[in-house]
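Undergrad: Below is the file my_file_28.txt, with compact mmCIF, C-alpha atoms and all ligand atoms.
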# COMPACT_ATOMS: atom_id res chain seq x y z
CA MET V 1 18.01 -3.37 10.37
CA ILE V 2 15.12 -5.57 11.47
CA LYS V 3 15.79 -9.23 12.14
CA VAL V 4 13.09 -11.91 12.43
CA CYS V 5 14.16 -14.87 14.61
CA ASP V 6 12.35 -18.19 14.27
CA ASP V 7 14.17 -20.44 16.73
CA LYS V 8 11.35 -20.45 19.30
CA LEU V 9 8.47 -21.55 17.10
CA GLY V 10 8.64 -25.20 18.15
CA ARG V 11 8.74 -26.17 14.45
CA LYS V 12 10.76 -25.63 11.31
CA ILE V 13 9.31 -23.50 8.56
CA ASP V 14 9.85 -24.66 5.02
CA TYR V 15 10.54 -21.24 3.50
CA ALA V 16 11.62 -22.77 0.19
CA SER V 17 8.08 -24.04 -0.39
CA TYR V 18 6.85 -20.40 -0.34
CA LYS V 19 9.48 -19.07 -2.74
CA ASP V 20 7.36 -19.05 -5.92
CA GLU V 21 4.17 -17.88 -4.25
CA VAL V 22 5.91 -15.03 -2.41
CA ALA V 23 7.70 -14.02 -5.63
CA SER V 24 4.45 -13.91 -7.56
CA ILE V 25 2.62 -11.94 -4.82
CA HIS V 26 5.56 -9.54 -4.59
CA LYS V 27 5.37 -9.01 -8.37
CA MET V 28 1.63 -8.45 -8.06
CA ILE V 29 2.21 -5.80 -5.36
CA GLU V 30 4.94 -4.08 -7.36
CA GLU V 31 3.00 -4.15 -10.61
CA LYS V 32 -0.30 -3.30 -8.89
CA THR V 33 -2.23 -6.14 -10.45
CA GLY V 34 -3.82 -7.80 -7.40
CA GLU V 35 -7.10 -7.18 -5.60
CA GLY V 36 -7.20 -3.74 -4.03
CA ALA V 37 -4.35 -2.52 -6.27
CA ASP V 38 -5.89 0.98 -6.36
CA TYR V 39 -4.69 1.38 -2.77
CA LEU V 40 -1.04 0.53 -3.28
CA GLY V 41 0.14 4.15 -3.31
CA TRP V 42 1.97 3.57 0.01
CA THR V 43 4.46 1.00 -1.30
CA HIS V 44 6.82 3.47 -2.99
CA TYR V 45 5.57 6.56 -1.16
CA PRO V 46 8.85 7.00 0.79
CA GLU V 47 10.47 7.91 -2.55
CA THR V 48 7.55 9.29 -4.56
CA PHE V 49 6.04 11.60 -1.92
CA ASP V 50 5.35 15.22 -2.84
CA LYS V 51 8.51 17.02 -1.69
CA GLU V 52 6.83 20.42 -1.81
CA GLU V 53 4.04 19.30 0.48
CA PHE V 54 6.62 17.69 2.78
CA GLU V 55 8.33 21.08 3.21
CA LYS V 56 4.92 22.68 3.82
CA ILE V 57 4.27 20.10 6.56
CA LYS V 58 7.63 20.86 8.19
CA ALA V 59 6.95 24.60 8.09
CA CYS V 60 3.48 24.06 9.53
CA GLY V 61 4.84 21.85 12.32
CA LYS V 62 7.33 24.61 13.18
CA TYR V 63 4.57 27.22 13.09
CA ILE V 64 2.45 25.14 15.48
CA ARG V 65 5.42 24.63 17.82
CA GLU V 66 6.22 28.34 17.87
CA ASN V 67 2.67 29.59 18.33
CA PHE V 68 0.65 27.07 20.35
CA ASP V 69 0.87 25.00 23.57
CA ALA V 70 -1.27 22.18 22.26
CA LEU V 71 -2.44 20.49 19.07
CA VAL V 72 -5.78 18.69 18.97
CA VAL V 73 -5.52 15.80 16.52
CA CYS V 74 -9.06 15.07 15.43
CA GLY V 75 -9.37 11.71 13.63
CA ILE V 76 -10.22 8.03 14.09
CA GLY V 77 -8.86 4.65 12.93
CA GLY V 78 -6.36 5.05 10.13
CA SER V 79 -6.71 8.80 10.41
CA TYR V 80 -5.08 8.96 13.84
CA LEU V 81 -3.66 5.65 15.10
CA GLY V 82 -0.40 5.86 13.13
CA ALA V 83 0.41 9.35 14.35
CA ARG V 84 -0.38 8.49 17.96
CA ALA V 85 1.58 5.24 17.78
CA ALA V 86 4.67 6.94 16.37
CA ILE V 87 4.52 9.96 18.69
CA GLU V 88 4.27 7.81 21.82
CA ALA V 89 6.84 5.25 20.64
CA ILE V 90 9.38 7.96 19.80
CA ASN V 91 8.72 10.62 22.45
CA GLY V 92 7.64 8.32 25.27
CA LEU V 93 4.70 8.85 27.60
CA TYR V 94 6.04 11.58 29.86
CA GLY V 95 8.18 13.55 27.43
CA ASP V 96 8.63 17.20 28.38
CA ASP V 97 7.85 18.45 24.91
CA LYS V 98 6.23 21.88 25.05
CA VAL V 99 3.45 21.07 22.58
CA GLU V 100 0.89 18.75 24.08
CA ILE V 101 -0.83 16.44 21.59
CA ILE V 102 -4.47 15.81 22.47
CA TYR V 103 -6.71 13.33 20.68
CA LEU V 104 -10.37 13.92 19.94
CA GLY V 105 -12.81 12.57 17.36
CA GLN V 106 -12.06 8.92 18.12
CA THR V 107 -14.90 8.31 20.63
CA PHE V 108 -18.50 9.19 21.43
CA ALA V 109 -17.86 8.94 25.19
CA PRO V 110 -19.15 12.17 26.76
CA SER V 111 -16.88 11.77 29.80
CA TYR V 112 -13.79 11.85 27.56
CA ILE V 113 -15.10 14.64 25.32
CA ALA V 114 -16.17 16.87 28.22
CA GLN V 115 -12.78 16.41 29.91
CA VAL V 116 -10.88 17.29 26.73
CA LEU V 117 -12.98 20.43 26.16
CA LYS V 118 -12.46 21.51 29.76
CA HIS V 119 -8.73 20.85 29.50
CA LEU V 120 -8.58 22.98 26.34
CA GLU V 121 -10.32 25.99 27.91
CA THR V 122 -7.05 27.29 29.30
CA LYS V 123 -4.84 26.20 26.40
CA ASN V 124 -3.68 28.11 23.39
CA PHE V 125 -4.37 25.34 20.91
CA ALA V 126 -4.43 24.53 17.19
CA ILE V 127 -6.41 21.76 15.47
CA ASN V 128 -5.39 19.18 12.88
CA VAL V 129 -8.60 17.59 11.64
CA ILE V 130 -7.88 14.43 9.63
CA SER V 131 -10.55 12.66 7.61
CA LYS V 132 -10.52 11.31 4.09
CA SER V 133 -14.30 11.31 3.80
CA GLY V 134 -14.98 14.27 6.08
CA THR V 135 -18.17 12.58 7.25
CA THR V 136 -16.90 10.07 9.81
CA THR V 137 -19.33 10.62 12.68
CA GLU V 138 -16.93 10.58 15.66
CA THR V 139 -14.43 12.88 13.94
CA ALA V 140 -16.94 15.31 12.45
CA LEU V 141 -18.74 15.68 15.80
CA GLY V 142 -15.47 16.11 17.71
CA PHE V 143 -14.33 18.71 15.20
CA ARG V 144 -17.62 20.64 15.51
CA LEU V 145 -17.06 20.98 19.24
CA VAL V 146 -13.41 21.87 19.22
CA ARG V 147 -13.80 24.31 16.33
CA GLU V 148 -16.68 26.01 18.17
CA LEU V 149 -14.52 26.30 21.31
CA LEU V 150 -11.61 27.75 19.35
CA GLU V 151 -13.81 30.24 17.49
CA LYS V 152 -15.33 31.38 20.79
CA LYS V 153 -11.87 31.82 22.30
CA ILE V 154 -10.07 33.65 19.50
CA GLY V 155 -12.71 34.53 16.90
CA LYS V 156 -13.52 32.95 13.53
CA GLU V 157 -10.77 34.63 11.57
CA LYS V 158 -7.91 33.70 13.89
CA ALA V 159 -9.36 30.21 14.38
CA ALA V 160 -9.23 29.61 10.62
CA LYS V 161 -5.47 30.17 10.81
CA ALA V 162 -5.13 27.63 13.62
CA ILE V 163 -7.06 24.87 11.87
CA PHE V 164 -5.21 22.47 9.56
CA ALA V 165 -7.17 19.95 7.55
CA THR V 166 -5.80 16.71 6.12
CA THR V 167 -8.20 15.23 3.60
CA ASP V 168 -8.74 14.07 0.03
CA LYS V 169 -7.36 16.36 -2.66
CA GLU V 170 -10.47 16.47 -4.79
CA LYS V 171 -13.58 15.58 -2.87
CA GLY V 172 -15.39 15.32 0.45
CA ALA V 173 -17.10 17.38 3.11
CA LEU V 174 -13.86 18.37 4.86
CA LEU V 175 -12.37 19.64 1.63
CA GLU V 176 -15.46 21.81 1.05
CA LEU V 177 -15.41 23.11 4.61
CA SER V 178 -11.69 23.89 4.39
CA LYS V 179 -12.16 25.79 1.15
CA LYS V 180 -15.08 27.72 2.58
CA TYR V 181 -13.21 28.86 5.70
CA GLY V 182 -9.70 28.98 4.23
CA TYR V 183 -8.08 26.29 6.43
CA THR V 184 -4.58 25.25 5.39
CA ARG V 185 -4.96 21.90 3.64
CA PHE V 186 -2.84 18.76 3.42
CA VAL V 187 -3.48 15.75 1.25
CA LEU V 188 -4.41 12.18 2.10
CA PRO V 189 -3.69 10.60 -1.30
CA ALA V 190 -6.63 8.81 -2.92
CA ASP V 191 -4.54 5.65 -3.51
CA ILE V 192 -3.57 5.21 0.17
CA GLY V 193 -6.02 3.80 2.74
CA GLY V 194 -6.13 5.09 6.31
CA ARG V 195 -4.19 2.26 7.94
CA TYR V 196 -1.36 2.60 5.40
CA SER V 197 -1.22 6.42 5.63
CA VAL V 198 1.25 7.17 8.44
CA PHE V 199 3.94 8.40 6.02
CA THR V 200 1.57 10.94 4.45
CA ALA V 201 0.46 14.23 6.03
CA VAL V 202 -1.91 12.12 8.17
CA GLY V 203 1.05 11.03 10.29
CA LEU V 204 3.64 13.63 9.41
CA LEU V 205 1.90 16.81 10.54
CA PRO V 206 1.11 15.59 14.09
CA LEU V 207 4.65 14.16 14.29
CA ALA V 208 6.22 17.46 13.19
CA ALA V 209 4.06 19.34 15.70
CA ALA V 210 5.25 16.91 18.39
CA GLY V 211 8.84 17.91 17.61
CA ILE V 212 9.76 14.67 15.83
CA ASP V 213 12.31 14.79 13.03
CA ILE V 214 10.09 13.81 10.08
CA ASP V 215 13.07 13.70 7.72
CA ALA V 216 14.43 10.86 9.86
CA PHE V 217 11.00 9.19 10.01
CA ILE V 218 10.72 9.17 6.20
CA ARG V 219 14.36 8.11 5.93
CA GLY V 220 13.43 5.08 8.06
CA ALA V 221 10.47 4.32 5.81
CA HIS V 222 12.75 4.57 2.79
CA LYS V 223 15.22 2.23 4.46
CA GLY V 224 12.24 -0.10 4.93
CA LEU V 225 11.31 0.17 1.25
CA VAL V 226 14.85 -0.77 0.20
CA ALA V 227 15.20 -3.60 2.74
CA TYR V 228 11.69 -5.11 2.76
CA GLY V 229 10.32 -4.20 -0.67
CA LYS V 230 11.98 -7.21 -2.25
CA GLU V 231 11.17 -10.91 -2.59
CA ASP V 232 13.71 -12.10 -0.11
CA SER V 233 12.90 -9.84 2.84
CA GLU V 234 12.51 -10.14 6.59
CA ALA V 235 9.01 -8.65 6.31
CA TYR V 236 7.91 -11.48 4.03
CA LYS V 237 9.66 -13.99 6.29
CA TYR V 238 7.51 -12.72 9.17
CA ALA V 239 4.40 -12.97 6.93
CA ILE V 240 5.25 -16.60 6.07
CA ILE V 241 5.68 -17.57 9.74
CA HIS V 242 2.43 -15.78 10.67
CA HIS V 243 0.65 -17.65 7.86
CA GLU V 244 2.17 -21.04 8.76
CA LEU V 245 1.20 -20.67 12.41
CA TYR V 246 -2.35 -19.75 11.41
CA LYS V 247 -2.53 -22.88 9.23
CA ALA V 248 -1.10 -24.92 12.13
CA GLY V 249 -4.12 -23.98 14.28
CA TYR V 250 -3.17 -20.72 15.99
CA PRO V 251 -5.86 -18.13 15.18
CA VAL V 252 -4.58 -15.45 17.60
CA GLU V 253 -1.35 -13.45 17.45
CA MET V 254 -0.27 -11.49 20.51
CA MET V 255 2.14 -8.65 19.80
CA VAL V 256 4.28 -8.34 22.88
CA SER V 257 6.63 -5.55 23.79
CA TYR V 258 8.51 -4.77 26.97
CA GLU V 259 7.92 -1.02 26.55
CA PRO V 260 4.83 0.85 27.81
CA ARG V 261 5.49 3.49 25.15
CA PHE V 262 4.54 0.90 22.52
CA VAL V 263 0.94 0.44 23.68
CA GLN V 264 -0.37 2.65 20.87
CA LEU V 265 1.98 0.98 18.40
CA GLY V 266 0.12 -2.20 19.33
CA GLU V 267 -3.19 -0.43 18.63
CA TRP V 268 -1.94 0.68 15.20
CA TRP V 269 -0.63 -2.82 14.43
CA LYS V 270 -3.97 -4.34 15.48
CA GLN V 271 -5.86 -2.10 13.06
CA LEU V 272 -3.35 -2.78 10.28
CA PHE V 273 -3.57 -6.57 10.54
CA GLY V 274 -7.11 -6.88 11.88
CA GLU V 275 -8.82 -4.67 9.30
CA SER V 276 -6.65 -5.98 6.46
CA GLU V 277 -6.78 -9.69 7.19
CA GLY V 278 -10.04 -10.38 9.00
CA LYS V 279 -12.26 -11.18 6.02
CA ASP V 280 -14.29 -14.07 4.58
CA HIS V 281 -14.40 -15.64 8.07
CA THR V 282 -10.66 -16.12 8.02
CA GLY V 283 -7.52 -14.41 9.37
CA VAL V 284 -5.49 -14.14 12.56
CA LEU V 285 -6.97 -12.09 15.41
CA PRO V 286 -4.35 -9.54 16.49
CA VAL V 287 -4.11 -8.72 20.19
CA SER V 288 -1.37 -6.92 22.07
CA ALA V 289 0.21 -6.89 25.50
CA THR V 290 2.95 -5.10 27.39
CA PHE V 291 5.30 -7.23 29.48
CA SER V 292 6.34 -7.58 32.17
CA THR V 293 3.22 -5.61 33.27
CA ASP V 294 0.74 -8.01 31.63
CA LEU V 295 2.62 -11.10 32.78
CA HIS V 296 0.98 -10.28 36.10
CA SER V 297 -2.46 -10.46 34.48
CA LEU V 298 -2.38 -12.44 31.22
CA GLY V 299 0.74 -14.48 31.97
CA GLN V 300 -1.23 -17.36 33.46
CA PHE V 301 -3.44 -17.72 30.37
CA ILE V 302 -0.54 -17.56 27.97
CA GLN V 303 1.39 -20.19 29.92
CA GLU V 304 -1.41 -22.65 30.62
CA GLY V 305 -4.67 -21.52 28.99
CA SER V 306 -6.31 -22.59 25.71
CA PRO V 307 -3.56 -23.15 23.15
CA VAL V 308 -4.89 -20.64 20.62
CA LEU V 309 -2.15 -18.07 20.38
CA PHE V 310 1.34 -17.39 19.20
CA GLU V 311 3.40 -14.43 20.37
CA THR V 312 5.38 -11.92 18.34
CA VAL V 313 7.91 -10.25 20.60
CA LEU V 314 9.24 -6.85 19.62
CA GLU V 315 12.72 -6.32 21.03
CA ILE V 316 14.58 -3.02 20.92
CA GLU V 317 18.28 -3.79 21.24
CA ASN V 318 19.32 -0.33 22.40
CA PRO V 319 16.75 1.28 24.73
CA GLY V 320 18.33 4.73 24.23
CA VAL V 321 18.38 5.44 27.93
CA ASP V 322 18.97 3.30 30.99
CA VAL V 323 18.54 3.42 34.76
CA VAL V 324 20.90 1.86 37.30
CA ILE V 325 19.53 -0.10 40.27
CA PRO V 326 20.68 1.44 43.56
CA HIS V 327 22.03 -0.17 46.75
CA ASP V 328 19.73 -0.27 49.77
CA ASP V 329 21.30 -0.61 53.24
CA ASP V 330 18.29 -2.48 54.64
CA ASN V 331 17.96 -4.89 51.71
CA LEU V 332 14.68 -6.13 53.18
CA ASP V 333 13.40 -6.80 49.66
CA LYS V 334 16.57 -8.92 49.07
CA LEU V 335 17.24 -7.11 45.82
CA ASN V 336 20.79 -5.94 46.47
CA TYR V 337 21.95 -8.78 44.21
CA LEU V 338 20.79 -6.52 41.37
CA GLU V 339 22.68 -3.48 42.68
CA GLY V 340 24.62 -1.73 39.90
CA LYS V 341 22.79 -3.62 37.16
CA THR V 342 20.57 -1.66 34.79
CA PHE V 343 16.84 -1.90 34.17
CA ASP V 344 17.52 -2.77 30.53
CA PHE V 345 19.53 -5.76 31.73
CA VAL V 346 16.62 -6.88 33.93
CA ASN V 347 14.05 -6.20 31.19
CA LYS V 348 16.00 -8.29 28.68
CA LYS V 349 16.42 -11.16 31.17
CA ALA V 350 12.67 -11.02 31.86
CA GLN V 351 12.11 -11.30 28.11
CA GLU V 352 14.56 -14.19 27.72
CA GLY V 353 13.09 -16.12 30.64
CA THR V 354 9.51 -15.48 29.51
CA MET V 355 10.13 -16.50 25.91
CA ASP V 356 11.61 -19.78 27.09
CA ALA V 357 8.80 -20.36 29.59
CA HIS V 358 6.08 -19.66 27.02
CA SER V 359 7.63 -21.46 24.07
CA GLU V 360 9.43 -24.41 25.69
CA VAL V 361 7.19 -25.14 28.67
CA GLY V 362 3.89 -23.63 27.48
CA GLY V 363 4.18 -24.71 23.83
CA VAL V 364 3.34 -21.19 22.64
CA PRO V 365 5.22 -20.40 19.40
CA ASN V 366 7.28 -17.22 19.76
CA ILE V 367 8.44 -15.04 16.88
CA LEU V 368 11.12 -12.49 17.81
CA ILE V 369 11.42 -9.23 15.85
CA LYS V 370 14.59 -7.33 16.69
CA LEU V 371 15.03 -3.64 15.97
CA ASP V 372 18.24 -1.72 16.75
CA GLU V 373 16.69 1.46 18.13
CA MET V 374 13.31 3.12 18.55
CA ASN V 375 13.86 6.64 17.30
CA ALA V 376 12.24 8.50 14.40
CA GLU V 377 14.20 6.50 11.83
CA GLY V 378 13.73 3.15 13.54
CA CYS V 379 10.01 3.77 13.94
CA GLY V 380 9.61 4.64 10.25
CA GLU V 381 11.45 1.47 9.29
CA LEU V 382 9.38 -0.72 11.63
CA MET V 383 6.03 0.68 10.47
CA TYR V 384 6.99 0.15 6.84
CA PHE V 385 8.13 -3.40 7.68
CA PHE V 386 4.71 -4.22 9.15
CA MET V 387 2.84 -2.70 6.20
CA ARG V 388 4.78 -4.86 3.71
CA ALA V 389 4.36 -7.94 5.90
CA CYS V 390 0.63 -7.30 6.22
CA ALA V 391 0.06 -6.98 2.47
CA MET V 392 1.97 -10.24 1.88
CA SER V 393 0.16 -12.07 4.66
CA CYS V 394 -3.28 -11.04 3.33
CA TYR V 395 -2.47 -12.12 -0.20
CA LEU V 396 -1.11 -15.44 1.12
CA ASN V 397 -4.47 -15.85 2.81
CA LYS V 398 -6.27 -14.84 -0.41
CA VAL V 399 -7.95 -11.70 0.92
CA ASN V 400 -7.82 -8.10 -0.27
CA PRO V 401 -5.53 -6.23 2.19
CA PHE V 402 -6.95 -2.82 1.40
CA ASN V 403 -10.72 -2.89 1.86
CA GLN V 404 -12.88 -3.10 4.98
CA PRO V 405 -16.43 -3.93 3.84
CA GLY V 406 -17.42 -5.34 7.23
CA VAL V 407 -16.95 -2.01 8.98
CA GLU V 408 -20.10 -0.62 7.35
CA VAL V 409 -22.51 -3.07 8.99
CA TYR V 410 -22.50 -1.54 12.48
CA LYS V 411 -22.56 1.95 10.98
CA LYS V 412 -25.80 1.23 9.10
CA ASN V 413 -27.45 -0.03 12.30
CA MET V 414 -26.16 2.90 14.31
CA PHE V 415 -27.31 5.43 11.69
CA HIS V 416 -30.74 3.81 11.63
CA LEU V 417 -30.99 3.98 15.42
CA LEU V 418 -29.78 7.59 15.40
CA GLY V 419 -32.41 8.54 12.81
CA LYS V 420 -29.94 9.56 10.10
CA PRO V 421 -31.92 10.42 6.95
CA GLY V 422 -31.84 7.57 4.42
CA PHE V 423 -31.12 4.86 7.01
O1 LIG V 501 -8.38 2.50 7.80
C1 LIG V 501 -9.47 2.96 7.55
O2 LIG V 501 -9.92 2.99 6.40
C2 LIG V 501 -10.37 3.52 8.63
O3 LIG V 501 -9.82 3.31 9.88
C3 LIG V 501 -10.53 5.01 8.39
O4 LIG V 501 -9.26 5.60 8.34
C4 LIG V 501 -11.35 5.65 9.50
O5 LIG V 501 -12.63 5.09 9.51
C5 LIG V 501 -11.46 7.15 9.30
O6 LIG V 501 -12.02 7.47 8.07
P1 LIG V 501 -11.94 8.95 7.52
O7 LIG V 501 -10.51 9.28 7.28
O8 LIG V 501 -12.74 8.95 6.24
O9 LIG V 501 -12.55 9.85 8.57
Would you encode the structure as structure tokens?
Ligand code: PA5
TA:
Amino acid sequence: MIKVCDDKLGRKIDYASYKDEVASIHKMIEEKTGEGADYLGWTHYPETFDKEEFEKIKACGKYIRENFDALVVCGIGGSYLGARAAIEAINGLYGDDKVEIIYLGQTFAPSYIAQVLKHLETKNFAINVISKSGTTTETALGFRLVRELLEKKIGKEKAAKAIFATTDKEKGALLELSKKYGYTRFVLPADIGGRYSVFTAVGLLPLAAAGIDIDAFIRGAHKGLVAYGKEDSEAYKYAIIHHELYKAGYPVEMMVSYEPRFVQLGEWWKQLFGESEGKDHTGVLPVSATFSTDLHSLGQFIQEGSPVLFETVLEIENPGVDVVIPHDDDNLDKLNYLEGKTFDFVNKKAQEGTMDAHSEVGGVPNILIKLDEMNAEGCGELMYFFMRACAMSCYLNKVNPFNQPGVEVYKKNMFHLLGKPGF
């Protein structure tokens, strides 16, 4: 169960003063009456999801694992960040899983694209192309390339059996293409936006292909729905603190973890909060860091720089695995005092010392979010927790959590510069 600790904020939060507002926003979310209500399909998805499609996803994940060495996940933003975040958080960065997950369609950088294509030349790979619209430029271009490579390698007919498309059920370019070539299709429900889609096929198929127990992942999301889908929940408590700190003059929130495998989780969280909340020239800017690594780069700023940020520290109580510090006869580094202790012990002491240094000496408010374990279930629960918190926080700040009108501005300019017809 997730616990939100507020003893290092440097202030007391008057939760009682939020009771009525939180209750009315919660009712609005549940009854789908607020702004953006057409995109609230994710709230009860962990119980309403299509069980038949879920079984089809599991079977497809198994098929990929039995027949291929790699899966290219082709998507951008909400169509790939959740899957990548969960896969890395659960499997770690150097897992020895036999199916390699490779990401394409999230960049225009030729150096990255050329390297991926070269890497794939010798691989027996499948493709999961994920796009609600089917016309997102990065994804559609990446898919063109990787599909061409696959067709050249194994022929059009076999390639069609190795391409899996996740898209809208009723419309869009990818749906048409999939029908034309007979790709196996999965659904991105029309009432769920990209950044809230990790529990749909968008997240589940890459997770299943990566060998992750998606039953446990959905079980975690369901646990989240039961625990945080109610007025008096830890997710809403986090949203209230986040909102109070914003009002108190802290426009930046730094999500901190002590786990390098959570870097992509930070990317997903940044999209979730940034794209949901950053509207009408308001909202908290989400940034992320990994400690203790970044204490050696950003630590100085956090401790003594402009007082613009608060930190949200993600602590995993049980790391799942641990490493013991060995004895060294020379002891020239003077570290034998740690002999026999574990790295988790050191990591947790680094966290404790840093939280005190930042909050008590530096005056940086620290929120602590504690999670028992980071496995498939824990990850599902945590992602659901953040989604609920994000919706609440946006409504507290009077913005629609489910649109992203500002994203179109750069696209129009880019399309004009690229000579796209009609721009
Ligand atoms: O959250 C969002 O809405 C965006 O990040 C989209 O998911 C992203 O732009 C990809 O869009 P599409 O799935 O249509 O390719």
Undergrad: Please return as a VMD selection string the residues found within 6 Å of ligand LIG 501 (chain V), counting only C-alpha atoms and all ligand atoms.
TA: chain V and resid 76 to 79 131 to 134 136 193 to 195
Undergrad: Which one of V:Ile29, V:Val146, V:Ser233, V:Phe386 sits closest to Glu121 (chain V) if you count all atoms listed in the file?
TA: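 Among V:Ile29, V:Val146, V:Ser233, V:Phe386, it is V:Val146 that comes nearest to Glu121 (chain V).
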Undergrad: Residues of region 350-421 of chain V that approach region 13-23 of chain V to 10 Å or less, counting all atoms listed in the file: could you list each one with the shortest pair of atoms and its distance in Å to one decimal, rows by chain and increasing residue number, as a tab-separated table?
TA:
residue	atom	partner	partner_atom	distance
V:Met392	CA	V:Val22	CA	7.5
V:Ser393	CA	V:Val22	CA	9.6
V:Tyr395	CA	V:Val22	CA	9.1
V:Leu396	CA	V:Val22	CA	7.9
Undergrad: Go ahead and save the residues from that selection, with C-alpha atoms, as a PDB file, in the frame of the given file.
TA:
ATOM      1  CA  MET V 392       1.970 -10.240   1.880  1.00  0.00           C
ATOM      2  CA  SER V 393       0.160 -12.070   4.660  1.00  0.00           C
ATOM      3  CA  TYR V 395      -2.470 -12.120  -0.200  1.00  0.00           C
ATOM      4  CA  LEU V 396      -1.110 -15.440   1.120  1.00  0.00           C
TER       5      LEU V 396
END
Undergrad: Give me, please, the distance in Å between CA of Phe345 (chain V) and CA of Ile212 (chain V), quoted to one decimal.
TA: 27.7 Å
Undergrad: Around (-7.8, -21.1, 20.5), as given in the file, which residues come within 7 Å? Count all atoms listed in the file and list them as a PyMOL selection string.
TA: chain V and resi 250-251+306-309
Undergrad: For CA of Glu381 (chain V) and CA of Tyr196 (chain V), determine how far apart the two atoms are, in Å to one decimal place.
TA: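 These two atoms are separated by 13.4 Å.
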Undergrad: Could you state the separation of CA of Arg144 (chain V) and CA of His416 (chain V) in Å, given to one decimal place?
TA: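 Rounded to one decimal, the two atoms are 21.7 Å apart.
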Undergrad: When you count all atoms listed in the file, which of these residues is closest to Gly380 (chain V): V:Arg11, V:Asp328, V:Met1, V:Ile25?
TA: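 The shortest atom-to-atom distance to Gly380 (chain V) comes from V:Met1.
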Undergrad: With all atoms listed in the file as the basis for distance, which of V:Ala126, V:Val313, V:Ala357, V:Val364 is at the shortest distance from Tyr238 (chain V)?
TA: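 With all atoms listed in the file as the atom set, the closest residue is V:Val313.
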Undergrad: Kindly provide, as a ChimeraX atom specification, the polymer residues lying within 9 Å of (5.4, 20.0, 17.9), counting all atoms listed in the file and using the coordinates exactly as they appear in the file.
TA: /V:61-66,68-71,97-101,205-212
Undergrad: Take the residues just selected and output them with C-alpha atoms as a PDB file, in the coordinates of the input.
TA:
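As written to disk, part08.pdb reads:
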ATOM      1  CA  GLY V  61       4.840  21.850  12.320  1.00  0.00           C
ATOM      2  CA  LYS V  62       7.330  24.610  13.180  1.00  0.00           C
ATOM      3  CA  TYR V  63       4.570  27.220  13.090  1.00  0.00           C
ATOM      4  CA  ILE V  64       2.450  25.140  15.480  1.00  0.00           C
ATOM      5  CA  ARG V  65       5.420  24.630  17.820  1.00  0.00           C
ATOM      6  CA  GLU V  66       6.220  28.340  17.870  1.00  0.00           C
ATOM      7  CA  PHE V  68       0.650  27.070  20.350  1.00  0.00           C
ATOM      8  CA  ASP V  69       0.870  25.000  23.570  1.00  0.00           C
ATOM      9  CA  ALA V  70      -1.270  22.180  22.260  1.00  0.00           C
ATOM     10  CA  LEU V  71      -2.440  20.490  19.070  1.00  0.00           C
ATOM     11  CA  ASP V  97       7.850  18.450  24.910  1.00  0.00           C
ATOM     12  CA  LYS V  98       6.230  21.880  25.050  1.00  0.00           C
ATOM     13  CA  VAL V  99       3.450  21.070  22.580  1.00  0.00           C
ATOM     14  CA  GLU V 100       0.890  18.750  24.080  1.00  0.00           C
ATOM     15  CA  ILE V 101      -0.830  16.440  21.590  1.00  0.00           C
ATOM     16  CA  LEU V 205       1.900  16.810  10.540  1.00  0.00           C
ATOM     17  CA  PRO V 206       1.110  15.590  14.090  1.00  0.00           C
ATOM     18  CA  LEU V 207       4.650  14.160  14.290  1.00  0.00           C
ATOM     19  CA  ALA V 208       6.220  17.460  13.190  1.00  0.00           C
ATOM     20  CA  ALA V 209       4.060  19.340  15.700  1.00  0.00           C
ATOM     21  CA  ALA V 210       5.250  16.910  18.390  1.00  0.00           C
ATOM     22  CA  GLY V 211       8.840  17.910  17.610  1.00  0.00           C
ATOM     23  CA  ILE V 212       9.760  14.670  15.830  1.00  0.00           C
TER      24      ILE V 212
END
Undergrad: Of the residues V:Gly75, V:Val399, V:Glu311, V:Cys394, which is the one nearest to Thr167 (chain V), using all atoms listed in the file?
TA: V:Gly75
Undergrad: Please provide the set of residues having any atom within 9 Å of Ala216 (chain V), restricted to all atoms listed in the file, with same-chain residues fewer than 6 positions apart removed, written as a ChimeraX atom specification.
TA: /V:375-378,380
Undergrad: With distances taken over all atoms listed in the file, which of V:Glu373, V:Asn397, V:Ile325, V:Phe217 is nearest to Lys247 (chain V)?
TA: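 Closest candidate: V:Asn397.
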Undergrad: Could you name the residues that touch Ala83 (chain V) at 10 Å or less, counting all atoms listed in the file, but leaving out those on the same chain fewer than 5 positions away, as number ranges by chain?
TA: V: 73, 78, 88-89, 197-199, 201-207, 210, 264-265, 268
Undergrad: List the neighbours of Leu338 (chain V) out to 10 Å using all atoms listed in the file; skip same-chain residues closer than 5 positions along the sequence, and give me the result as number ranges by chain.
TA: V: 324-327, 343, 345-346
Undergrad: Out of V:Leu149, V:Ala190, V:Ile302, V:Ala86, which residue has the shortest atom-to-atom distance to Lys169 (chain V) when counting only C-alpha atoms?
TA: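 Among the listed residues, V:Ala190 lies closest to Lys169 (chain V).
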